[in-house]
Structure formats: C-alpha cells, structure tokens
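The structure appears below as structure tokens.
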Amino acid sequence: MGRGRKVESVLSELPEPTESQAIVRVTGTPGGNLVQVTDEASRTFLARVPSKFRNVIWIRIGGYLIVEREADEEAEGREVGKVQATLVHYLYRDQIRHLQSRTLWPSAFADGDGAAAADEYGSEALHTNTNHAFRDLPPSSDES
C-alpha cells in the first residue's frame, strides 16, 4: 500500500474500539516511536507507534488515539516508563464525532475535552504568527 492510500485510509475510516482496545489521550512525545498517553482511568503509560504510521501521520499532544492494550496481567502494575500498548488508529475530528454519536466515547473525556479536540482542528482555530509584528493600519482613502 502506497503512502497516499495509507493517508486516505487513516482519514476516511470510522474506527470503533474493540474490547481489547481503548481510547486514550496523548500527553507527551518522549521521542522515537513512542507516545505517552493517559487512559480513561487517568493511568499514564507509553504506547508504541508501528512503522506503518511513521512519517505518515503526525501525533499531536492533546490528540486522541485508539490503542491495543497488552494482554499481560502485569501491565496494570507496571511503572510509567514501560510500553503497555500499540497504536491502532489516530482519531481526527470526524472520527471523534462519530464515536460520540455512537456513545463509544469515554466519559472521562466527555467533559468538554472531546468537543474541544473536535473543534481544535477546525478552520476557526487558526493560530496567529508570533514571529511577525502586526501593525494596525489606518483605513485607506478608498474605503469610505
């Protein structure tokens, strides 16, 4: 599968988590192929990004992911620095709205975080360039 088809599949799918999968929020990017995430129960752990997603999607802090948790019973008691999950899907605005409409969205993220993340990628949320000084210009004589 070429890069274009991978990007199209990530953007156009409407994934739903299975029993062994969880929706998590990205809290950090320690580097390499790892992301630090927090689940619905506020547990923080690392998730691995498979090679098929590297340089295809860009993971932002505050974004939401579907991850496959390890079946290891000891994973619950592990420390924060251990990899405990693998990225399955990065969730974009339309996919978050789909999960909310199907009532699959975690209640811990439903306090407004999901709505904020869904609107975060909208055109209204464009950031201003802080590297450029903006000046208020007087109205031109043509605008009377």
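Lettering and numbering for the structure tokens are positional, with chains as A, B, ... in the shown order, residues counted from 1 in each chain, and ligands counted from 1 in the shown order.
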
DSSP alpha helix (DSSP H) residues within segment 47-102 of chain A, as a list of chain:residue names:
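Filtering segment 47-102 of chain A to alpha helix (DSSP H) leaves A:Arg93, A:Asp94, A:Gln95, A:Ile96, A:Arg97, A:His98, A:Leu99, A:Gln100, A:Ser101.
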
Please write the residues from the selection above to a file, keeping C-alpha atoms, as a PDB file, in the first residue's frame.
ATOM      1  CA  ARG A  93     -12.423  15.438  14.289  1.00  0.00           C
ATOM      2  CA  ASP A  94     -14.986  13.495  12.227  1.00  0.00           C
ATOM      3  CA  GLN A  95     -13.969  10.203  13.822  1.00  0.00           C
ATOM      4  CA  ILE A  96     -14.322  11.687  17.327  1.00  0.00           C
ATOM      5  CA  ARG A  97     -17.805  12.969  16.461  1.00  0.00           C
ATOM      6  CA  HIS A  98     -18.741   9.532  15.101  1.00  0.00           C
ATOM      7  CA  LEU A  99     -17.657   7.847  18.353  1.00  0.00           C
ATOM      8  CA  GLN A 100     -19.566  10.429  20.405  1.00  0.00           C
ATOM      9  CA  SER A 101     -22.734   9.846  18.377  1.00  0.00           C
TER      10      SER A 101
END

With a distance cut-off of 7 Å and only C-alpha atoms, select the neighbouring residues of segment 47-60 of chain A, excluding the residue or stretch itself and same-chain residues fewer than 4 positions from it, and output the selection as a list in words.
Arg3, Val7, Asn33, Leu34, Val35, Gln36, Val37, Val83, Gln84, Ala85, Thr86 and Leu87 of chain A

A:Arg43, A:Gly63, A:Arg69, A:Gly32: which is nearest Thr18 of chain A, counting only C-alpha atoms?
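Nearest to Thr18 of chain A: A:Arg69.
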
Atomic distance atom CA of Thr44 of chain A - atom CA of Thr27 of chain A, expressed in Å with one decimal
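If I compute the distance from atom CA of Thr44 of chain A to atom CA of Thr27 of chain A, I get 8.4 Å.
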
Could you check the closest approach to Leu46 of chain A for each of A:His132, A:Lys82, A:His89, A:Arg25 and tell me which residue wins, using only C-alpha atoms?
A:Lys82

Near Ile66 of chain A, within 7 Å and counting only C-alpha atoms, which residues show up once chain neighbours fewer than 6 positions away are dropped, as a PyMOL selection string?
chain A and resi 17+21-24+87-90

Would you mind telling me which residue in A:Ala108, A:Ala133, A:Leu91, A:Val67 lies nearest to Glu19 of chain A when using only C-alpha atoms?
A:Val67

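Picture a line from atom CA of Val26 of chain A to atom CA of Arg5 of chain A; it runs 24.9 Å.
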
Could you state the separation of atom CA of Pro106 of chain A and atom CA of Leu14 of chain A in Å, given to one decimal place?
16.3 Å
